[in-house]
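Heads up: the structure comes next, in structure tokens.
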Amino acid sequence: MPFVESLRCRECARTYPVEALHVCEYCFGPLEVAYDYEAIAASVSREKIAAGPPTIWRYADLLPAAFTSGDSAVDLGAGFTPLVRADRLAAELGLGELWLKNDTLNPTGSFKDRVVSVALTKARELGFKVAACASTGNLANSVAAHAARAGMQSFVFIPRDLEQAKVVTTAVYGGNLIAVEGNYDDVNRLCAELAYERPTWAFVNVNVRTYYAEGSKTLAFEVAEQLGWTAPDHVVVPVASGSQLTKIDKGFRELWQVGLLDEPPAVRISGAQAAGCSPVATAFAEGVDHIRPVKPHTIAKSLAIGNPADGPYALECVRESRGSFGSVTDDEIIEGIRLLARTEGIFAETAGGVTIATLARLAAQGVVRADERVVAYVTGLGLKTIEAVSSIVGPTHTIAPTLDAFNEAVGPDEEPA
Amino acid sequence: MTALVRVPTQLRSLSGGQGEVKVDGDTVGAVLAALDETHPGFRGRLFDDSGRLRRFVNVFVADEDVRFLQGLDTPVAEGQTVSIVPAVAGG
């Protein structure tokens, strides 16, 4: 926080005070946190980070919320998730050095814990007592849990048709859970309007979105640190609102800016969307700048944002970095989930299936190459969307509790190949 | 036709602090033009130099995004609500 100078409109560069503001009053562009990078560079070091907590807060110098000790952040331990080498998956896809950022291992099972920890730490600092959000599920879990942790009241808004697990894993924390008759874009519109009727509430992805979004930079910080303070060549990132992708880009750039990398990053960034909700991938494929909103129809509900707020910027990042986009069918998503589970022992939710299926497709197209160091972001846990695979996988054998039955079903003992 | 326009916080300085304004008009374009006549300044904030809605402005008629309807030509019936909502939210 001492390093935050102001908020600045990404479109017209007007500046604003460091308050609960997310939109430029003049052009409606998104506000971004502006930092004093020279001061950060003087404060931050690899050693200082290494001595910090094994959470996103090890990068506090590069985050917009003030806190001086561990207990003043709204913190369930988000971040510093494993970056695992994925040789078996790489072999299947014909890739070389492939890594997976396993963000399924966050406190509530998705990357949203990163952004919520930052958002609510900032919200509390700004004096808010109520946490709220519009969510496709992962954010709902995270806001409800972090609000409980912080002793804040919560109001979480979700589309009524959300996966059962995401409903239960939000409701259990005891806050208000509002199921809205509509899709995510309807819920989001409602919350955007509610945010100005309830100005004493911190809607993490509306009025404190400027701070919230910064939490995703830690996805870049960690990957660089875990790769020995180098940036990868290519990352594959799921795209819903597009915020996460743009912040991963910003994260790598900032590391260079404050002197934490020895070489300027040249990270190609590719985006992953479901075919049933691919407004950004479609604009990329058509070579246009304008993103046409769509009505989502996909099993990847956590990515089902038909009107993505940061879509134009995500598109820009991907184009400028010479990355690409994939949009994959529901069948490919399910196959992606199974491929990841089968080869690497990681069970991802549908968004992870989108990422892996896109990685597979881009690898087959030669866009993601075997000579690149590749990182795929797996951002949510499979137990949240068990419906996606529950009718496809199950017991391989069902037997009576006898040795004979077992031997008959499975056959004689053989050494695995 | 009289429509009810819902004004976001960011534009309430133009509407004398009101969150809802009644104006006449039978399409979204006509409603927004009438809004600018009764409360000057809306046009410059909602539209870019080429006269298109700014990319970070969403307009809804009866809770449906006008980009799924007929854009600025979308009809507005008597008493319907036209909401102006900043696009930067969510995700």
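Each chain in the structure tokens gets a letter, A, B, ..., in the order shown, and its residues are numbered from 1; ligands are numbered from 1 in order too.
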- chain B contacts to chain A at 6 Å (only C-alpha atoms) as a PyMOL selection string: chain B and resi 9-10+45+56+87-91
Selected residues written out with all heavy atoms, as a PDB file, in the first residue's frame:
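This is the output file selection-v1.pdb:
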ATOM      1  N   THR B   9     -24.129   5.609 -10.450  1.00  0.00           N
ATOM      2  CA  THR B   9     -23.501   6.616  -9.572  1.00  0.00           C
ATOM      3  C   THR B   9     -22.612   7.575 -10.353  1.00  0.00           C
ATOM      4  O   THR B   9     -22.638   8.777 -10.109  1.00  0.00           O
ATOM      5  CB  THR B   9     -22.583   5.909  -8.537  1.00  0.00           C
ATOM      6  OG1 THR B   9     -23.231   4.721  -8.110  1.00  0.00           O
ATOM      7  CG2 THR B   9     -22.292   6.795  -7.359  1.00  0.00           C
ATOM      8  N   GLN B  10     -21.844   7.014 -11.287  1.00  0.00           N
ATOM      9  CA  GLN B  10     -20.842   7.814 -11.991  1.00  0.00           C
ATOM     10  C   GLN B  10     -21.459   8.966 -12.773  1.00  0.00           C
ATOM     11  O   GLN B  10     -20.771   9.918 -13.120  1.00  0.00           O
ATOM     12  CB  GLN B  10     -20.047   6.919 -12.967  1.00  0.00           C
ATOM     13  CG  GLN B  10     -19.170   5.863 -12.298  1.00  0.00           C
ATOM     14  CD  GLN B  10     -19.941   4.613 -11.887  1.00  0.00           C
ATOM     15  OE1 GLN B  10     -21.151   4.493 -12.120  1.00  0.00           O
ATOM     16  NE2 GLN B  10     -19.248   3.672 -11.261  1.00  0.00           N
ATOM     17  N   ARG B  45     -20.822  11.579 -22.362  1.00  0.00           N
ATOM     18  CA  ARG B  45     -20.308  10.527 -21.478  1.00  0.00           C
ATOM     19  C   ARG B  45     -20.676   9.140 -21.993  1.00  0.00           C
ATOM     20  O   ARG B  45     -19.935   8.184 -21.777  1.00  0.00           O
ATOM     21  CB  ARG B  45     -20.862  10.718 -20.070  1.00  0.00           C
ATOM     22  CG  ARG B  45     -20.562  12.092 -19.491  1.00  0.00           C
ATOM     23  CD  ARG B  45     -19.145  12.181 -18.982  1.00  0.00           C
ATOM     24  NE  ARG B  45     -19.053  11.603 -17.652  1.00  0.00           N
ATOM     25  CZ  ARG B  45     -19.399  12.254 -16.541  1.00  0.00           C
ATOM     26  NH1 ARG B  45     -19.819  13.484 -16.608  1.00  0.00           N
ATOM     27  NH2 ARG B  45     -19.306  11.666 -15.387  1.00  0.00           N
ATOM     28  N   PHE B  56     -17.377   0.570 -22.938  1.00  0.00           N
ATOM     29  CA  PHE B  56     -17.552   0.137 -21.553  1.00  0.00           C
ATOM     30  C   PHE B  56     -18.877   0.607 -20.948  1.00  0.00           C
ATOM     31  O   PHE B  56     -19.012   0.688 -19.738  1.00  0.00           O
ATOM     32  CB  PHE B  56     -16.365   0.580 -20.701  1.00  0.00           C
ATOM     33  CG  PHE B  56     -15.113  -0.177 -21.025  1.00  0.00           C
ATOM     34  CD1 PHE B  56     -14.073   0.424 -21.720  1.00  0.00           C
ATOM     35  CD2 PHE B  56     -14.986  -1.505 -20.676  1.00  0.00           C
ATOM     36  CE1 PHE B  56     -12.920  -0.288 -22.032  1.00  0.00           C
ATOM     37  CE2 PHE B  56     -13.845  -2.228 -20.982  1.00  0.00           C
ATOM     38  CZ  PHE B  56     -12.811  -1.619 -21.671  1.00  0.00           C
ATOM     39  N   ALA B  87     -19.839  -1.352 -17.851  1.00  0.00           N
ATOM     40  CA  ALA B  87     -19.559  -2.735 -18.270  1.00  0.00           C
ATOM     41  C   ALA B  87     -18.478  -3.381 -17.420  1.00  0.00           C
ATOM     42  O   ALA B  87     -18.378  -4.601 -17.372  1.00  0.00           O
ATOM     43  CB  ALA B  87     -19.139  -2.750 -19.740  1.00  0.00           C
ATOM     44  N   VAL B  88     -17.655  -2.566 -16.776  1.00  0.00           N
ATOM     45  CA  VAL B  88     -16.531  -3.128 -16.052  1.00  0.00           C
ATOM     46  C   VAL B  88     -16.988  -3.654 -14.697  1.00  0.00           C
ATOM     47  O   VAL B  88     -17.094  -2.925 -13.728  1.00  0.00           O
ATOM     48  CB  VAL B  88     -15.418  -2.072 -15.860  1.00  0.00           C
ATOM     49  CG1 VAL B  88     -14.317  -2.630 -14.996  1.00  0.00           C
ATOM     50  CG2 VAL B  88     -14.888  -1.656 -17.212  1.00  0.00           C
ATOM     51  N   ALA B  89     -17.331  -4.907 -14.681  1.00  0.00           N
ATOM     52  CA  ALA B  89     -17.743  -5.572 -13.450  1.00  0.00           C
ATOM     53  C   ALA B  89     -17.675  -7.071 -13.696  1.00  0.00           C
ATOM     54  O   ALA B  89     -17.775  -7.517 -14.839  1.00  0.00           O
ATOM     55  CB  ALA B  89     -19.159  -5.186 -13.062  1.00  0.00           C
ATOM     56  N   GLY B  90     -17.501  -7.787 -12.634  1.00  0.00           N
ATOM     57  CA  GLY B  90     -17.589  -9.238 -12.726  1.00  0.00           C
ATOM     58  C   GLY B  90     -16.291  -9.922 -13.066  1.00  0.00           C
ATOM     59  O   GLY B  90     -15.262  -9.296 -13.267  1.00  0.00           O
ATOM     60  N   GLY B  91     -16.392 -11.260 -13.104  1.00  0.00           N
ATOM     61  CA  GLY B  91     -15.237 -12.087 -13.438  1.00  0.00           C
ATOM     62  C   GLY B  91     -14.455 -12.464 -12.215  1.00  0.00           C
ATOM     63  O   GLY B  91     -14.674 -11.989 -11.136  1.00  0.00           O
TER      64      GLY B  91
END
- Task: Going by DSSP on the backbone, which bits of region 118-229 of chain A are strand (DSSP E)? Write them as a ChimeraX atom specification, please.
- Result: /A:130-134,153-159,176-180,201-203
Could the residues in this selection be saved with C-alpha atoms as a PDB file, in the first residue's frame?
ATOM      1  CA  VAL A 130     -20.048  -6.377   4.285  1.00  0.00           C
ATOM      2  CA  ALA A 131     -18.502  -8.491   1.518  1.00  0.00           C
ATOM      3  CA  ALA A 132     -20.481  -9.224  -1.652  1.00  0.00           C
ATOM      4  CA  CYS A 133     -19.961 -10.598  -5.149  1.00  0.00           C
ATOM      5  CA  ALA A 134     -21.525 -11.858  -8.354  1.00  0.00           C
ATOM      6  CA  GLN A 153     -21.235 -10.239   6.748  1.00  0.00           C
ATOM      7  CA  SER A 154     -21.540 -11.613   3.219  1.00  0.00           C
ATOM      8  CA  PHE A 155     -23.996 -11.453   0.335  1.00  0.00           C
ATOM      9  CA  VAL A 156     -23.123 -13.803  -2.473  1.00  0.00           C
ATOM     10  CA  PHE A 157     -25.116 -13.750  -5.731  1.00  0.00           C
ATOM     11  CA  ILE A 158     -25.103 -16.791  -8.022  1.00  0.00           C
ATOM     12  CA  PRO A 159     -27.089 -18.030 -11.027  1.00  0.00           C
ATOM     13  CA  ASN A 176     -26.385 -14.810   2.682  1.00  0.00           C
ATOM     14  CA  LEU A 177     -26.526 -16.746  -0.570  1.00  0.00           C
ATOM     15  CA  ILE A 178     -28.824 -15.246  -3.192  1.00  0.00           C
ATOM     16  CA  ALA A 179     -29.730 -17.560  -6.092  1.00  0.00           C
ATOM     17  CA  VAL A 180     -30.837 -15.407  -9.017  1.00  0.00           C
ATOM     18  CA  TRP A 201     -20.967  -3.060   0.724  1.00  0.00           C
ATOM     19  CA  ALA A 202     -17.691  -4.193  -0.791  1.00  0.00           C
ATOM     20  CA  PHE A 203     -18.640  -6.029  -3.974  1.00  0.00           C
TER      21      PHE A 203
END
- Could you pull out all residues of region 128-340 of chain A with a DSSP call of helix (DSSP H, G or I) and give them as a ChimeraX atom specification? /A:138-150,164-171,184-197,209-226,243-257,279-286,301-303,311-320,330-340
Would you write out those residues with C-alpha atoms, as a compact mmCIF listing (two decimals), in the first residue's frame?
# COMPACT_ATOMS: atom_id res chain seq x y z
CA ASN A 138 -15.60 -20.36 -7.34
CA LEU A 139 -15.76 -16.75 -6.24
CA ALA A 140 -18.86 -17.51 -4.21
CA ASN A 141 -16.96 -20.16 -2.22
CA SER A 142 -14.05 -17.86 -1.67
CA VAL A 143 -15.96 -14.73 -0.65
CA ALA A 144 -18.16 -16.68 1.76
CA ALA A 145 -15.12 -18.34 3.35
CA HIS A 146 -12.94 -15.24 3.58
CA ALA A 147 -15.84 -13.14 4.91
CA ALA A 148 -16.37 -15.76 7.63
CA ARG A 149 -12.67 -15.66 8.42
CA ALA A 150 -12.74 -11.86 8.63
CA GLN A 164 -24.76 -28.41 -6.53
CA ALA A 165 -21.28 -28.63 -5.02
CA LYS A 166 -20.61 -24.95 -5.56
CA VAL A 167 -23.89 -24.06 -3.87
CA VAL A 168 -23.19 -26.23 -0.84
CA THR A 169 -19.55 -25.16 -0.52
CA THR A 170 -20.71 -21.55 -0.39
CA ALA A 171 -23.75 -21.95 1.84
CA TYR A 184 -24.14 -15.04 -14.77
CA ASP A 185 -24.42 -11.94 -16.93
CA ASP A 186 -27.84 -11.24 -15.38
CA VAL A 187 -26.39 -11.71 -11.90
CA ASN A 188 -23.48 -9.45 -12.77
CA ARG A 189 -25.76 -6.72 -14.10
CA LEU A 190 -27.86 -6.92 -10.95
CA CYS A 191 -24.78 -6.57 -8.76
CA ALA A 192 -23.41 -3.70 -10.85
CA GLU A 193 -26.67 -1.87 -10.17
CA LEU A 194 -26.87 -2.97 -6.53
CA ALA A 195 -23.36 -1.71 -5.90
CA TYR A 196 -24.54 1.84 -6.23
CA GLU A 197 -27.66 1.26 -4.15
CA ARG A 209 -12.61 -4.83 -8.42
CA THR A 210 -9.58 -2.62 -9.08
CA TYR A 211 -7.82 -4.14 -6.05
CA TYR A 212 -9.35 -7.60 -6.41
CA ALA A 213 -7.99 -8.05 -9.92
CA GLU A 214 -4.44 -7.31 -8.75
CA GLY A 215 -4.47 -10.57 -6.78
CA SER A 216 -4.15 -12.51 -10.03
CA LYS A 217 -0.70 -11.04 -10.63
CA THR A 218 0.54 -13.51 -8.01
CA LEU A 219 -0.09 -16.29 -10.57
CA ALA A 220 2.78 -14.80 -12.57
CA PHE A 221 4.95 -13.93 -9.56
CA GLU A 222 4.84 -17.47 -8.21
CA VAL A 223 5.52 -19.14 -11.53
CA ALA A 224 8.57 -16.94 -12.09
CA GLU A 225 9.87 -17.56 -8.56
CA GLN A 226 9.24 -21.31 -8.84
CA SER A 243 -9.04 -10.24 -15.99
CA GLN A 244 -6.83 -13.12 -14.89
CA LEU A 245 -5.05 -13.29 -18.24
CA THR A 246 -4.30 -9.57 -18.33
CA LYS A 247 -3.04 -9.64 -14.74
CA ILE A 248 -0.72 -12.58 -15.42
CA ASP A 249 0.75 -10.47 -18.22
CA LYS A 250 1.04 -7.48 -15.88
CA GLY A 251 2.65 -9.65 -13.21
CA PHE A 252 5.53 -10.80 -15.42
CA ARG A 253 6.13 -7.23 -16.62
CA GLU A 254 6.17 -5.88 -13.08
CA LEU A 255 8.77 -8.43 -11.97
CA TRP A 256 11.08 -7.11 -14.65
CA GLN A 257 10.23 -3.52 -13.82
CA PRO A 279 -16.66 -14.22 -27.26
CA VAL A 280 -12.96 -13.38 -26.93
CA ALA A 281 -11.69 -16.40 -28.88
CA THR A 282 -14.18 -15.56 -31.62
CA ALA A 283 -12.98 -11.96 -31.89
CA PHE A 284 -9.42 -13.29 -32.07
CA ALA A 285 -10.30 -15.76 -34.82
CA GLU A 286 -12.17 -13.11 -36.80
CA LYS A 301 -19.95 -22.61 -15.92
CA SER A 302 -17.05 -20.98 -14.13
CA LEU A 303 -16.02 -19.52 -17.51
CA GLY A 311 -12.25 -9.10 -23.00
CA PRO A 312 -10.75 -6.30 -25.12
CA TYR A 313 -7.60 -6.21 -23.00
CA ALA A 314 -7.23 -9.98 -22.93
CA LEU A 315 -7.49 -9.94 -26.72
CA GLU A 316 -4.80 -7.25 -26.90
CA CYS A 317 -2.45 -9.19 -24.58
CA VAL A 318 -2.78 -12.37 -26.61
CA ARG A 319 -2.23 -10.58 -29.92
CA GLU A 320 0.71 -8.51 -28.71
CA ASP A 330 -17.94 -29.80 -23.96
CA ASP A 331 -16.70 -33.24 -25.04
CA GLU A 332 -13.15 -31.93 -25.35
CA ILE A 333 -13.48 -30.31 -21.90
CA ILE A 334 -14.44 -33.64 -20.34
CA GLU A 335 -11.62 -35.38 -22.18
CA GLY A 336 -9.27 -32.63 -20.94
CA ILE A 337 -10.31 -33.26 -17.34
CA ARG A 338 -9.74 -37.01 -17.76
CA LEU A 339 -6.43 -36.58 -19.57
CA LEU A 340 -5.06 -34.35 -16.81
- Excluding Ile356 (chain A) and residues on its chain fewer than 5 positions from it, collect all residues at most 12 Å away from it, counting only C-alpha atoms, and give them as a count of residues only. 47
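Reported to one decimal place, the separation of CA of Arg85 (chain A) from CA of Ala60 (chain A) is 26.9 Å.
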- Item | Contacts of region 72-75 of chain B within 10 Å, only C-alpha atoms, excl. fewer than 3 positions in-chain, as a PyMOL selection string | chain B and resi 25-32+52-53+59-61+66-69+78+80
- So how many Å separate CA of Val76 (chain B) and CA of Pro296 (chain A), to one decimal? 25.6 Å
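Each of A:His297, A:Arg114, A:Arg10, A:Arg322 was compared to Asp75 (chain A) using only C-alpha atoms, and A:Arg114 turns out to be the nearest.
In this model, the gap between CA of Ala388 (chain A) and CA of Leu95 (chain A) comes to 26.7 Å.
If you measure from each of A:Ile40, A:Ile49, A:Val4, A:Leu83 to Ala66 (chain A) using only C-alpha atoms, the closest one turns out to be A:Val4.
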- Query: Asp63 (chain B): which residues within 8 Å, counting only C-alpha atoms, same-chain residues fewer than 6 positions away excluded, as a VMD selection string?
  - Reply: (chain A and resid 186) or (chain B and resid 81 to 83)
- Counting only C-alpha atoms, what is within 7 Å of Asn58 (chain B), bar same-chain residues fewer than 6 positions away, as an NGL selection string? :B and (65 or 84-87)
Could those residues be written to a file, using all heavy atoms, as a CSV table (one decimal), in the first residue's frame?
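Once everything was written out, this is again_7.csv:
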chain,number,residue,atom,x,y,z
B,65,ASP,N,-29.7,-6.8,-22.4
B,65,ASP,CA,-28.7,-6.0,-23.0
B,65,ASP,C,-29.2,-5.6,-24.5
B,65,ASP,O,-29.5,-6.5,-25.2
B,65,ASP,CB,-27.4,-6.8,-23.1
B,65,ASP,CG,-26.2,-6.1,-23.6
B,65,ASP,OD1,-26.3,-5.1,-24.3
B,65,ASP,OD2,-25.1,-6.5,-23.2
B,84,ILE,N,-28.6,2.2,-17.5
B,84,ILE,CA,-27.3,2.4,-18.0
B,84,ILE,C,-26.3,1.8,-16.9
B,84,ILE,O,-26.4,2.2,-15.7
B,84,ILE,CB,-27.0,3.9,-18.1
B,84,ILE,CG1,-28.0,4.6,-19.0
B,84,ILE,CG2,-25.6,4.2,-18.5
B,84,ILE,CD1,-28.0,6.1,-18.9
B,85,VAL,N,-25.5,0.9,-17.3
B,85,VAL,CA,-24.7,0.2,-16.4
B,85,VAL,C,-23.2,0.1,-16.9
B,85,VAL,O,-23.0,-0.3,-18.0
B,85,VAL,CB,-25.2,-1.3,-16.2
B,85,VAL,CG1,-24.4,-2.0,-15.1
B,85,VAL,CG2,-26.7,-1.3,-15.7
B,86,PRO,N,-22.3,0.5,-16.0
B,86,PRO,CA,-20.9,0.3,-16.4
B,86,PRO,C,-20.6,-1.1,-16.8
B,86,PRO,O,-21.0,-2.0,-16.0
B,86,PRO,CB,-20.1,0.8,-15.2
B,86,PRO,CG,-21.0,1.6,-14.4
B,86,PRO,CD,-22.4,1.0,-14.7
B,87,ALA,N,-19.8,-1.4,-17.9
B,87,ALA,CA,-19.6,-2.7,-18.3
B,87,ALA,C,-18.5,-3.4,-17.4
B,87,ALA,O,-18.4,-4.6,-17.4
B,87,ALA,CB,-19.1,-2.7,-19.7
